[in-house]
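As provided, protein_36.cif (mmCIF, C-alpha atoms) reads as follows.
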```cif
data_input
#
loop_
_atom_site.label_atom_id
_atom_site.label_comp_id
_atom_site.auth_asym_id
_atom_site.auth_seq_id
_atom_site.Cartn_x
_atom_site.Cartn_y
_atom_site.Cartn_z
CA MET I 22 8.56 -88.76 -36.80
CA ILE I 23 5.16 -88.63 -38.44
CA GLN I 24 2.34 -90.53 -36.81
CA GLY I 25 -1.25 -91.12 -37.79
CA HIS I 26 -4.43 -92.24 -36.07
CA PHE I 27 -5.14 -95.79 -37.22
CA PHE I 28 -2.29 -98.14 -38.00
CA GLU I 29 -3.86 -101.42 -36.86
CA GLU I 30 -4.86 -103.62 -39.78
CA GLY I 31 -8.51 -103.81 -38.77
CA LYS I 32 -8.78 -100.06 -38.28
CA LYS I 33 -7.13 -98.82 -41.44
CA LEU I 34 -9.12 -96.58 -43.73
CA LYS I 35 -10.20 -98.13 -47.01
CA TYR I 36 -9.79 -96.35 -50.32
CA GLY I 37 -10.37 -96.84 -54.01
CA MET I 38 -8.77 -95.31 -57.08
CA VAL I 39 -10.08 -94.10 -60.40
CA GLY I 40 -7.30 -94.08 -62.97
CA GLY I 41 -3.76 -95.18 -62.22
CA GLY I 42 -3.75 -98.21 -64.50
CA PRO I 43 -0.98 -99.42 -66.85
CA GLY I 44 1.22 -96.55 -68.06
CA SER I 45 0.03 -94.08 -65.44
CA PHE I 46 2.64 -91.87 -63.79
CA ILE I 47 0.63 -90.23 -61.02
CA GLY I 48 -1.52 -93.19 -59.94
CA PRO I 49 1.41 -95.23 -58.57
CA VAL I 50 2.73 -92.07 -56.89
CA HIS I 51 -0.53 -91.72 -54.98
CA ARG I 52 -0.53 -95.38 -53.99
CA ALA I 53 3.09 -95.25 -52.82
CA ALA I 54 2.46 -92.08 -50.82
CA ILE I 55 -0.54 -93.61 -49.07
CA ALA I 56 1.39 -96.80 -48.34
CA MET I 57 4.20 -94.81 -46.69
CA ASN I 58 1.84 -93.79 -43.89
CA GLY I 59 0.23 -97.16 -43.24
CA GLN I 60 -3.11 -95.48 -42.58
CA ALA I 61 -5.17 -96.76 -45.51
CA GLN I 62 -5.34 -99.76 -47.81
CA ILE I 63 -6.61 -99.94 -51.38
CA VAL I 64 -9.64 -102.21 -51.76
CA ALA I 65 -11.36 -101.05 -54.96
CA GLY I 66 -10.71 -99.41 -58.28
CA SER I 67 -11.66 -98.53 -61.82
CA PHE I 68 -8.15 -98.14 -63.13
CA SER I 69 -8.70 -97.97 -66.86
CA PRO I 70 -11.48 -97.56 -69.45
CA ILE I 71 -10.27 -100.97 -70.71
CA PHE I 72 -11.74 -103.42 -68.22
CA GLU I 73 -9.07 -106.06 -68.82
CA GLU I 74 -6.46 -103.51 -67.68
CA THR I 75 -8.51 -102.73 -64.59
CA LEU I 76 -8.69 -106.43 -63.75
CA MET I 77 -4.95 -106.79 -64.29
CA THR I 78 -4.15 -103.83 -62.03
CA ALA I 79 -6.57 -105.05 -59.37
CA LYS I 80 -4.88 -108.45 -59.35
CA GLU I 81 -1.45 -106.85 -59.01
CA LEU I 82 -2.69 -104.81 -56.05
CA GLY I 83 -4.44 -107.71 -54.34
CA ILE I 84 -7.95 -106.33 -54.88
CA SER I 85 -10.79 -108.83 -55.17
CA GLU I 86 -12.32 -109.10 -58.63
CA ASP I 87 -15.78 -108.03 -57.43
CA ARG I 88 -14.35 -104.63 -56.47
CA ALA I 89 -12.69 -104.03 -59.84
CA TYR I 90 -15.23 -101.89 -61.66
CA LYS I 91 -15.91 -101.26 -65.34
CA SER I 92 -16.62 -97.55 -64.75
CA PHE I 93 -16.28 -94.91 -62.06
CA GLU I 94 -20.08 -94.54 -62.03
CA GLU I 95 -20.48 -98.22 -61.15
CA MET I 96 -17.77 -97.93 -58.53
CA ALA I 97 -19.37 -94.94 -56.80
CA GLU I 98 -22.79 -96.60 -56.82
CA LYS I 99 -21.72 -99.99 -55.49
CA GLU I 100 -19.13 -98.79 -52.97
CA ALA I 101 -21.72 -96.45 -51.43
CA GLN I 102 -24.04 -99.44 -50.92
CA ARG I 103 -21.48 -101.63 -49.16
CA ASP I 104 -21.24 -101.80 -45.37
CA ASP I 105 -17.47 -102.02 -45.84
CA GLY I 106 -17.34 -99.41 -48.63
CA ILE I 107 -14.40 -97.13 -49.23
CA ASP I 108 -13.70 -94.16 -46.96
CA PHE I 109 -12.31 -92.12 -49.85
CA VAL I 110 -11.53 -92.22 -53.53
CA SER I 111 -8.30 -91.05 -55.14
CA ILE I 112 -8.86 -89.54 -58.60
CA THR I 113 -5.85 -89.82 -60.92
CA VAL I 114 -7.45 -89.60 -64.36
CA PRO I 115 -6.64 -86.90 -66.99
CA ASN I 116 -7.93 -83.37 -66.34
CA TYR I 117 -11.08 -83.55 -68.44
CA LEU I 118 -12.56 -86.27 -66.21
CA HIS I 119 -11.86 -84.71 -62.81
CA TYR I 120 -15.22 -82.96 -62.50
CA LYS I 121 -17.35 -85.93 -63.57
CA VAL I 122 -15.57 -88.41 -61.32
CA ALA I 123 -15.48 -86.12 -58.29
CA LYS I 124 -19.17 -85.30 -58.68
CA ALA I 125 -20.15 -88.97 -58.87
CA PHE I 126 -18.48 -89.77 -55.54
CA LEU I 127 -19.50 -86.56 -53.78
CA GLU I 128 -23.14 -87.29 -54.62
CA LYS I 129 -22.76 -90.64 -52.84
CA GLY I 130 -21.23 -89.01 -49.75
CA ILE I 131 -17.75 -90.45 -50.35
CA ASN I 132 -14.68 -88.38 -49.43
CA VAL I 133 -12.53 -87.33 -52.39
CA VAL I 134 -8.87 -86.77 -53.21
CA CYS I 135 -8.36 -85.28 -56.67
CA GLU I 136 -5.43 -84.27 -58.80
CA LYS I 137 -5.35 -80.67 -60.00
CA PRO I 138 -6.84 -78.90 -61.82
CA LEU I 139 -10.06 -79.43 -59.92
CA CYS I 140 -12.13 -79.00 -63.10
CA PHE I 141 -12.38 -76.83 -66.22
CA THR I 142 -14.99 -74.16 -65.46
CA ILE I 143 -15.84 -71.84 -62.60
CA GLU I 144 -19.40 -73.17 -62.60
CA GLU I 145 -18.11 -76.73 -62.14
CA ALA I 146 -15.87 -75.58 -59.29
CA GLU I 147 -18.82 -73.94 -57.54
CA GLU I 148 -20.88 -77.10 -57.90
CA LEU I 149 -18.16 -79.31 -56.42
CA MET I 150 -17.71 -76.91 -53.51
CA ASP I 151 -21.44 -76.95 -52.85
CA LEU I 152 -21.68 -80.75 -53.05
CA ALA I 153 -18.78 -81.21 -50.62
CA ALA I 154 -20.39 -78.84 -48.12
CA LYS I 155 -23.90 -80.25 -48.57
CA ASN I 156 -22.81 -83.86 -48.02
CA ASP I 157 -20.26 -83.03 -45.29
CA VAL I 158 -17.39 -84.79 -47.03
CA GLU I 159 -13.69 -83.99 -47.05
CA PHE I 160 -12.16 -83.00 -50.39
CA MET I 161 -8.41 -82.70 -50.88
CA VAL I 162 -6.77 -81.37 -54.05
CA THR I 163 -3.19 -82.62 -54.30
CA TYR I 164 -1.13 -79.48 -54.62
CA THR I 165 1.92 -81.51 -53.68
CA TYR I 166 4.35 -78.77 -52.79
CA THR I 167 2.37 -77.70 -49.72
CA GLY I 168 3.43 -81.01 -48.18
CA TYR I 169 7.12 -80.11 -47.93
CA PRO I 170 8.27 -79.37 -44.36
CA MET I 171 10.20 -76.24 -45.35
CA VAL I 172 7.15 -74.84 -47.14
CA ARG I 173 5.31 -75.30 -43.85
CA GLU I 174 8.17 -73.47 -42.14
CA ALA I 175 7.90 -70.60 -44.64
CA ARG I 176 4.20 -70.36 -43.88
CA GLU I 177 4.87 -70.20 -40.15
CA LEU I 178 7.49 -67.46 -40.60
CA VAL I 179 4.97 -65.32 -42.49
CA ARG I 180 2.23 -66.05 -39.94
CA LYS I 181 4.55 -64.97 -37.11
CA ASN I 182 5.30 -61.71 -38.96
CA ILE I 183 9.02 -62.48 -39.12
CA LEU I 184 9.16 -60.90 -42.59
CA GLY I 185 6.96 -57.94 -41.66
CA ASP I 186 4.39 -56.74 -44.17
CA ILE I 187 4.67 -58.59 -47.48
CA ARG I 188 5.69 -56.34 -50.38
CA LEU I 189 6.71 -58.65 -53.22
CA ILE I 190 6.07 -62.26 -54.27
CA ILE I 191 8.32 -63.45 -57.09
CA ALA I 192 7.85 -67.03 -58.29
CA GLU I 193 8.79 -69.13 -61.28
CA TYR I 194 8.30 -72.66 -62.53
CA PRO I 195 10.51 -73.26 -65.58
CA GLN I 196 10.59 -76.62 -67.35
CA GLY I 197 12.08 -77.50 -70.72
CA TRP I 198 10.39 -80.76 -71.63
CA LEU I 199 7.95 -79.23 -74.16
CA ALA I 200 10.54 -77.16 -76.04
CA GLU I 201 9.92 -79.42 -79.05
CA PRO I 202 6.58 -80.74 -80.42
CA ILE I 203 6.90 -84.15 -78.78
CA GLU I 204 3.11 -84.46 -78.70
CA LYS I 205 3.32 -85.10 -82.45
CA GLU I 206 5.54 -88.10 -81.72
CA GLY I 207 2.86 -89.68 -79.54
CA GLN I 208 4.40 -88.83 -76.16
CA THR I 209 1.41 -89.53 -73.90
CA GLN I 210 1.92 -86.85 -71.23
CA ALA I 211 2.55 -84.18 -73.86
CA SER I 212 -0.34 -85.29 -76.07
CA TRP I 213 -3.12 -84.77 -73.56
CA ARG I 214 -1.61 -81.74 -71.85
CA THR I 215 -1.46 -79.80 -75.12
CA ASP I 216 -4.92 -80.84 -76.31
CA PRO I 217 -7.78 -78.50 -75.25
CA LYS I 218 -10.18 -81.44 -75.15
CA TYR I 219 -8.21 -83.07 -72.35
CA ALA I 220 -6.37 -80.14 -70.71
CA GLY I 221 -8.93 -77.33 -70.91
CA ILE I 222 -8.27 -73.72 -71.85
CA SER I 223 -4.61 -73.67 -70.78
CA ASN I 224 -1.63 -75.99 -70.77
CA CYS I 225 1.24 -74.17 -69.08
CA VAL I 226 -0.71 -71.96 -66.66
CA GLY I 227 -3.20 -74.73 -65.92
CA ASP I 228 -0.55 -77.40 -65.43
CA ILE I 229 2.23 -75.61 -63.51
CA GLY I 230 1.13 -71.99 -63.12
CA THR I 231 -1.56 -73.16 -60.72
CA HIS I 232 1.15 -74.66 -58.52
CA ILE I 233 2.76 -71.23 -58.28
CA GLU I 234 -0.57 -69.61 -57.39
CA ASN I 235 -1.34 -72.22 -54.75
CA LEU I 236 2.14 -72.12 -53.20
CA ALA I 237 2.08 -68.32 -52.93
CA HIS I 238 -1.37 -68.33 -51.35
CA PHE I 239 -0.50 -71.20 -48.98
CA ILE I 240 2.57 -69.43 -47.62
CA THR I 241 1.21 -65.86 -47.44
CA ASN I 242 -2.58 -66.34 -47.27
CA LEU I 243 -2.87 -63.30 -49.56
CA GLU I 244 -5.66 -63.13 -52.12
CA ILE I 245 -5.02 -61.82 -55.63
CA THR I 246 -7.06 -58.73 -56.49
CA SER I 247 -5.94 -58.05 -60.07
CA LEU I 248 -3.56 -59.42 -62.68
CA SER I 249 -2.12 -58.87 -66.12
CA ALA I 250 -1.15 -61.99 -68.05
CA ARG I 251 0.51 -62.81 -71.34
CA LEU I 252 0.17 -66.45 -72.42
CA GLU I 253 2.42 -67.51 -75.27
CA THR I 254 2.71 -70.52 -77.57
CA PHE I 255 6.22 -70.84 -78.97
CA VAL I 256 6.08 -74.30 -80.54
CA GLU I 257 4.53 -74.08 -83.99
CA GLY I 258 1.20 -75.88 -84.32
CA ARG I 259 0.63 -76.22 -80.58
CA ARG I 260 -2.89 -75.20 -79.59
CA LEU I 261 -2.29 -74.22 -75.97
CA ASP I 262 0.22 -72.03 -74.14
CA ASP I 263 3.69 -73.25 -73.27
CA ASN I 264 4.95 -70.07 -71.57
CA ALA I 265 3.41 -67.22 -69.57
CA PHE I 266 4.30 -63.99 -67.78
CA ILE I 267 1.88 -62.85 -65.09
CA LEU I 268 1.93 -59.63 -63.03
CA LEU I 269 -0.25 -59.44 -59.93
CA LYS I 270 -1.55 -57.22 -57.17
CA TYR I 271 -2.68 -58.60 -53.82
CA GLU I 272 -5.20 -57.50 -51.22
CA ASN I 273 -2.55 -55.81 -49.05
CA ASN I 274 -1.26 -53.87 -52.10
CA ALA I 275 1.75 -56.16 -52.50
CA SER I 276 2.96 -56.88 -56.03
CA GLY I 277 3.80 -60.21 -57.65
CA SER I 278 5.35 -61.76 -60.71
CA TYR I 279 4.86 -65.37 -61.87
CA TRP I 280 6.71 -67.11 -64.72
CA PRO I 281 5.62 -70.63 -65.63
CA SER I 282 7.28 -72.10 -68.72
CA GLN I 283 7.62 -75.49 -70.39
CA VAL I 284 9.99 -74.34 -73.12
CA ALA I 285 12.84 -73.18 -70.86
CA ILE I 286 15.57 -75.52 -72.10
CA GLY I 287 17.96 -76.62 -69.37
CA ASN I 288 15.30 -76.55 -66.65
CA GLU I 289 13.66 -79.66 -65.26
CA ASN I 290 11.25 -78.83 -62.43
CA GLY I 291 12.45 -75.44 -61.26
CA LEU I 292 9.66 -74.25 -58.99
CA LYS I 293 11.04 -71.39 -56.90
CA ILE I 294 9.42 -68.73 -54.73
CA ARG I 295 10.85 -65.59 -53.13
CA ILE I 296 8.85 -63.48 -50.71
CA TYR I 297 10.00 -60.00 -49.64
CA GLY I 298 8.63 -58.12 -46.66
CA THR I 299 9.44 -54.96 -44.71
CA LYS I 300 11.69 -56.87 -42.26
CA GLY I 301 13.16 -59.64 -44.39
CA SER I 302 12.75 -62.21 -47.12
CA LEU I 303 12.64 -65.94 -47.71
CA GLU I 304 13.39 -68.22 -50.65
CA TRP I 305 12.50 -71.86 -51.36
CA GLU I 306 13.31 -74.10 -54.34
CA GLN I 307 11.54 -77.37 -55.11
CA GLU I 308 14.70 -78.96 -56.50
CA HIS I 309 16.44 -78.26 -53.16
CA PRO I 310 13.42 -78.71 -50.89
CA ASN I 311 15.20 -79.43 -47.63
CA PHE I 312 16.47 -75.87 -47.28
CA LEU I 313 14.86 -72.47 -46.77
CA LYS I 314 16.80 -69.22 -47.11
CA LEU I 315 15.90 -66.50 -44.62
CA SER I 316 17.31 -62.96 -44.77
CA LEU I 317 16.51 -60.36 -42.11
CA ILE I 318 17.56 -56.72 -42.15
CA GLY I 319 20.95 -56.25 -40.49
CA GLU I 320 21.59 -59.99 -40.13
CA PRO I 321 23.58 -62.50 -42.18
CA LEU I 322 21.78 -64.87 -44.52
CA LYS I 323 20.44 -67.95 -42.72
CA ILE I 324 19.91 -71.27 -44.47
CA LEU I 325 17.40 -73.27 -42.46
CA SER I 326 17.64 -77.04 -42.84
CA ARG I 327 14.85 -79.58 -42.55
CA GLY I 328 14.91 -81.89 -39.52
CA ASN I 329 16.38 -79.48 -36.96
CA ASP I 330 14.97 -78.54 -33.56
CA TYR I 331 15.02 -74.81 -34.30
CA LEU I 332 12.18 -75.20 -36.80
CA SER I 333 8.53 -74.67 -35.97
CA GLU I 334 6.31 -77.50 -34.76
CA SER I 335 4.48 -77.33 -38.09
CA ALA I 336 7.67 -78.13 -40.01
CA GLN I 337 8.90 -80.76 -37.56
CA MET I 338 5.66 -82.74 -37.55
CA TYR I 339 5.98 -83.16 -41.32
CA THR I 340 9.58 -84.38 -41.13
CA ARG I 341 10.15 -88.11 -41.57
CA LEU I 342 13.94 -88.48 -41.51
CA PRO I 343 16.77 -86.94 -39.47
CA SER I 344 18.51 -83.88 -40.87
CA GLY I 345 20.95 -84.61 -43.69
CA HIS I 346 18.80 -87.42 -45.10
CA PRO I 347 17.03 -85.88 -48.12
CA GLU I 348 13.25 -85.96 -48.33
CA GLY I 349 11.37 -85.11 -51.48
CA TYR I 350 8.37 -85.55 -53.74
CA PHE I 351 7.01 -88.85 -52.42
CA GLU I 352 7.30 -87.71 -48.83
CA ALA I 353 5.49 -84.45 -49.62
CA PHE I 354 2.67 -86.41 -51.23
CA ALA I 355 2.58 -88.72 -48.22
CA ASN I 356 2.40 -85.74 -45.87
CA LEU I 357 -0.76 -84.50 -47.58
CA TYR I 358 -2.33 -87.93 -47.34
CA ARG I 359 -1.25 -88.17 -43.72
CA SER I 360 -3.20 -85.00 -42.90
CA PHE I 361 -6.20 -86.09 -44.96
CA CYS I 362 -6.38 -89.54 -43.38
CA ASN I 363 -5.95 -88.08 -39.91
CA LYS I 364 -8.91 -85.81 -40.64
CA LEU I 365 -11.08 -88.73 -41.77
CA SER I 366 -10.04 -90.87 -38.80
CA ALA I 367 -10.82 -88.06 -36.38
CA LYS I 368 -14.28 -87.59 -37.91
CA LYS I 369 -14.99 -91.29 -37.46
CA THR I 370 -14.44 -90.99 -33.72
CA GLY I 371 -15.96 -87.55 -33.30
CA GLU I 372 -12.64 -85.90 -32.50
CA LYS I 373 -11.72 -82.35 -33.48
CA SER I 374 -9.04 -82.06 -36.13
CA ASP I 375 -7.11 -79.02 -37.36
CA GLU I 376 -5.21 -80.87 -40.09
CA LEU I 377 -4.05 -78.63 -42.92
CA PHE I 378 -4.26 -79.70 -46.57
CA PRO I 379 -5.36 -78.12 -49.87
CA THR I 380 -9.15 -78.32 -50.15
CA VAL I 381 -11.78 -78.01 -52.85
CA ILE I 382 -11.71 -74.27 -52.15
CA ASP I 383 -8.03 -74.13 -53.10
CA GLY I 384 -8.86 -76.10 -56.21
CA ALA I 385 -11.60 -73.63 -57.11
CA ARG I 386 -9.21 -70.73 -56.57
CA GLY I 387 -6.84 -72.34 -59.05
CA VAL I 388 -9.60 -72.71 -61.65
CA LYS I 389 -10.49 -69.03 -61.25
CA PHE I 390 -6.81 -68.09 -61.60
CA VAL I 391 -6.47 -69.94 -64.92
CA HIS I 392 -9.59 -68.31 -66.34
CA ASP I 393 -8.43 -64.86 -65.23
CA CYS I 394 -5.02 -65.36 -66.86
CA VAL I 395 -6.57 -66.49 -70.15
CA LYS I 396 -9.07 -63.62 -70.05
CA SER I 397 -6.34 -61.03 -69.51
CA SER I 398 -4.11 -62.51 -72.19
CA ASN I 399 -6.95 -62.53 -74.70
CA LYS I 400 -7.32 -58.81 -74.03
CA GLY I 401 -3.66 -58.14 -74.79
CA GLY I 402 -2.48 -58.37 -71.19
CA GLU I 403 -5.06 -55.94 -69.86
CA TRP I 404 -5.24 -55.64 -66.06
CA ILE I 405 -8.43 -57.33 -64.86
CA ASP I 406 -10.24 -57.88 -61.58
CA ALA I 407 -9.03 -61.27 -60.33
CA SER I 408 -10.65 -61.37 -56.89
CA PHE I 409 -11.65 -64.82 -55.72
CA LYS I 410 -15.39 -64.45 -55.22
CA ILE I 411 -16.78 -67.96 -55.62
CA GLY I 412 -17.55 -69.55 -52.29
CA GLY I 413 -15.69 -68.64 -49.14
CA GLU I 414 -13.06 -69.91 -46.76
CA ASP I 415 -13.68 -72.70 -44.29
#
```
Hey, can you dump this file as structure tokens for me?
Amino acid sequence: MIQGHFFEEGKKLKYGMVGGGPGSFIGPVHRAAIAMNGQAQIVAGSFSPIFEETLMTAKELGISEDRAYKSFEEMAEKEAQRDDGIDFVSITVPNYLHYKVAKAFLEKGINVVCEKPLCFTIEEAEELMDLAAKNDVEFMVTYTYTGYPMVREARELVRKNILGDIRLIIAEYPQGWLAEPIEKEGQTQASWRTDPKYAGISNCVGDIGTHIENLAHFITNLEITSLSARLETFVEGRRLDDNAFILLKYENNASGSYWPSQVAIGNENGLKIRIYGTKGSLEWEQEHPNFLKLSLIGEPLKILSRGNDYLSESAQMYTRLPSGHPEGYFEAFANLYRSFCNKLSAKKTGEKSDELFPTVIDGARGVKFVHDCVKSSNKGGEWIDASFKIGGED
């Protein structure tokens, strides 16, 4: 079972949240995931641009009124001055605010957890990377799917060369919820995701295509060298893409194909990745996350199941329940926070920590990926250099 560093009440980490007020989907998910681990407690927040809503949310969460802030700027300033200030902030606001909020807390030396996308521009991504390094703070970007135990197992299989040299990466993320113009009906999630002011230069690739990119990189550790993308907008009047086809080449000369779509009627959250090597292949689906298919040359298909002793230590340490008891989205989120909090706790005591979670560098890679896809599509799908050249690996 999963364990963390500090579970005693007096030794828990303290965190605050920006966003996550009334009507938020992702804010409560973050809070529930953190609570599952028992490693941190929420003590501060600026939950809404409407202060009355922030006060209401703070009261519901048992936060004292003096730590319910009118703005994220005030929160960063005052929490940094407190002897008992927060250890980290969780950023759950819409995309267009990610950069401003993250920057405010990084400049005060406060550790950051941020929803993806990290920001809108490559220049902003570089600045956030530099600030995190300069101020020696931890920065996690919540690419949730890297928290699933069987994704960790897939990563270990590739690292151990079980599949041989990687030849092909085929991944898709079909959804159907934007097949009609529901943003015109006032549907909140659709309204801001399809508006360039709030979502940036891409909807579909930026929202779910980046999950494909991150998952493929997390499992294989391969960098993209070039890509050809076609972004499409099928719903009349929509200003951003709702479907995309992306072809890729990787540093080892492997080929890839990504298909993110939000107009694929009949699909809900169909993230799926298949990786083919010279010795075998693997397949993982988000809607059936407890299983990993492994095929090796000359052997029958194996379906590996979460919670079994034959899995790697990496997969087992992220398993919370015995085999046969399904784990899913909340547990994956909690696994990321478990690693992040372990890292912070270790730093407090001067211990070494090798915890693995998506960092600001992964967030920057995603920003670069979106820009490269849009650039290629604007050139009629022309193959372009897509090497990740901003910053470097830890």
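Evaluated against this file, the PyMOL selection byres ((chain I and resi 333) around 12) yields Pro170, Met171, Val172, Arg173, Glu174, Ala175, Arg176, Glu177, Leu178, Val179, Arg180, Lys181, Leu325, Ser326, Arg327, Gly328, Asn329, Asp330, Tyr331, Leu332, Glu334, Ser335, Ala336, Gln337, Met338, Tyr339 and Thr340 of chain I.
Between atom CA of I:Arg295 and atom CA of I:Val134 the separation is 28.9 Å.
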Work out how far atom CA of I:Asn132 is from atom CA of I:Val158, in Å to one decimal. 5.1 Å
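Relative to atom CA of I:Gly230, atom CA of I:Tyr169 is found at 18.2 Å.
Run against this file, the PyMOL selection byres ((chain I and resi 379) around 9) gives back Phe160, Met161, Val162, Thr163, Tyr164, Thr165, Thr167, Asn235, Phe239, Leu357, Leu377, Phe378, Thr380, Val381, Ile382, Asp383 and Gly384 of chain I.
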Selection result of the PyMOL selection byres ((chain I and resi 349) around 9) on this file, as an MDAnalysis selection string: chainID I and resid 169 307:311 347:348 350:354
Could you produce a table of the residues of stretch 160-190 of chain I lying within 9 Å of stretch 260-279 of chain I, with the nearest pair of atoms per residue and their separation in Å rounded to one decimal, using all atoms listed in the file, ordered by chain and increasing residue number, as a tab-separated table?
```
residue	atom	partner	partner_atom	distance
I:Asp186	CA	I:Asn273	CA	8.5
I:Ile187	CA	I:Ala275	CA	6.3
I:Arg188	CA	I:Ala275	CA	4.5
I:Leu189	CA	I:Ser276	CA	5.0
I:Ile190	CA	I:Gly277	CA	4.6
```
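Residue nearest I:Ala285, chosen from I:Ser85, I:Thr75, I:Gln196, I:Asn116 and counting all atoms listed in the file: I:Gln196.
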For I:His51: contacts at 12 Å, all atoms listed in the file, fewer than 3 positions along chain excluded, given as a PyMOL selection string: chain I and resi 36-42+45-48+54-58+61-63+110-114+134-136+163+165+350-359
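Remark: for I:Ile405, the closest of the candidate residues I:Asp393, I:Glu159, I:Asp108, I:Glu244 is I:Asp393 (distances computed over all atoms listed in the file).
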Which is closer to I:Lys33 than all the others in I:Val64, I:Val391, I:Leu127, I:Ile324, using all atoms listed in the file?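 Closest to I:Lys33 of all the choices is I:Val64.
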Of the candidates I:Glu128, I:Glu257, I:Glu234, I:Glu204, which one gets nearest to I:Lys293 if we count all atoms listed in the file? I:Glu234
Keeping just all heavy atoms, export stretch 299-304 of chain I of this structure as a PDB file, in the first residue's frame.
```pdb
ATOM      1  N   THR I 299      10.977  -3.988 -31.575  1.00  0.00           N
ATOM      2  CA  THR I 299      11.532  -5.093 -32.357  1.00  0.00           C
ATOM      3  C   THR I 299      11.296  -6.451 -31.706  1.00  0.00           C
ATOM      4  O   THR I 299      11.392  -7.482 -32.365  1.00  0.00           O
ATOM      5  CB  THR I 299      13.040  -4.885 -32.551  1.00  0.00           C
ATOM      6  OG1 THR I 299      13.657  -4.701 -31.262  1.00  0.00           O
ATOM      7  CG2 THR I 299      13.323  -3.670 -33.422  1.00  0.00           C
ATOM      8  N   LYS I 300      10.963  -6.469 -30.395  1.00  0.00           N
ATOM      9  CA  LYS I 300      10.747  -7.726 -29.688  1.00  0.00           C
ATOM     10  C   LYS I 300       9.283  -7.937 -29.285  1.00  0.00           C
ATOM     11  O   LYS I 300       8.868  -9.064 -29.009  1.00  0.00           O
ATOM     12  CB  LYS I 300      11.601  -7.786 -28.423  1.00  0.00           C
ATOM     13  CG  LYS I 300      13.099  -7.729 -28.636  1.00  0.00           C
ATOM     14  CD  LYS I 300      13.817  -7.765 -27.295  1.00  0.00           C
ATOM     15  CE  LYS I 300      15.319  -7.657 -27.425  1.00  0.00           C
ATOM     16  NZ  LYS I 300      15.977  -7.655 -26.079  1.00  0.00           N
ATOM     17  N   GLY I 301       8.522  -6.851 -29.211  1.00  0.00           N
ATOM     18  CA  GLY I 301       7.154  -6.999 -28.753  1.00  0.00           C
ATOM     19  C   GLY I 301       6.419  -5.674 -28.737  1.00  0.00           C
ATOM     20  O   GLY I 301       6.906  -4.658 -29.249  1.00  0.00           O
ATOM     21  N   SER I 302       5.225  -5.693 -28.134  1.00  0.00           N
ATOM     22  CA  SER I 302       4.403  -4.491 -28.095  1.00  0.00           C
ATOM     23  C   SER I 302       3.613  -4.444 -26.793  1.00  0.00           C
ATOM     24  O   SER I 302       3.462  -5.454 -26.092  1.00  0.00           O
ATOM     25  CB  SER I 302       3.432  -4.462 -29.280  1.00  0.00           C
ATOM     26  OG  SER I 302       2.469  -5.502 -29.159  1.00  0.00           O
ATOM     27  N   LEU I 303       3.112  -3.264 -26.489  1.00  0.00           N
ATOM     28  CA  LEU I 303       2.228  -3.112 -25.332  1.00  0.00           C
ATOM     29  C   LEU I 303       1.077  -2.185 -25.691  1.00  0.00           C
ATOM     30  O   LEU I 303       1.158  -1.392 -26.628  1.00  0.00           O
ATOM     31  CB  LEU I 303       2.981  -2.604 -24.107  1.00  0.00           C
ATOM     32  CG  LEU I 303       3.712  -1.261 -24.157  1.00  0.00           C
ATOM     33  CD1 LEU I 303       2.776  -0.071 -23.966  1.00  0.00           C
ATOM     34  CD2 LEU I 303       4.799  -1.229 -23.079  1.00  0.00           C
ATOM     35  N   GLU I 304       0.000  -2.298 -24.925  1.00  0.00           N
ATOM     36  CA  GLU I 304      -1.199  -1.494 -25.170  1.00  0.00           C
ATOM     37  C   GLU I 304      -1.867  -1.167 -23.841  1.00  0.00           C
ATOM     38  O   GLU I 304      -2.023  -2.048 -22.989  1.00  0.00           O
ATOM     39  CB  GLU I 304      -2.165  -2.260 -26.073  1.00  0.00           C
ATOM     40  CG  GLU I 304      -3.462  -1.535 -26.384  1.00  0.00           C
ATOM     41  CD  GLU I 304      -4.360  -2.354 -27.294  1.00  0.00           C
ATOM     42  OE1 GLU I 304      -3.857  -2.914 -28.289  1.00  0.00           O
ATOM     43  OE2 GLU I 304      -5.576  -2.431 -26.998  1.00  0.00           O
TER      44      GLU I 304
END
```
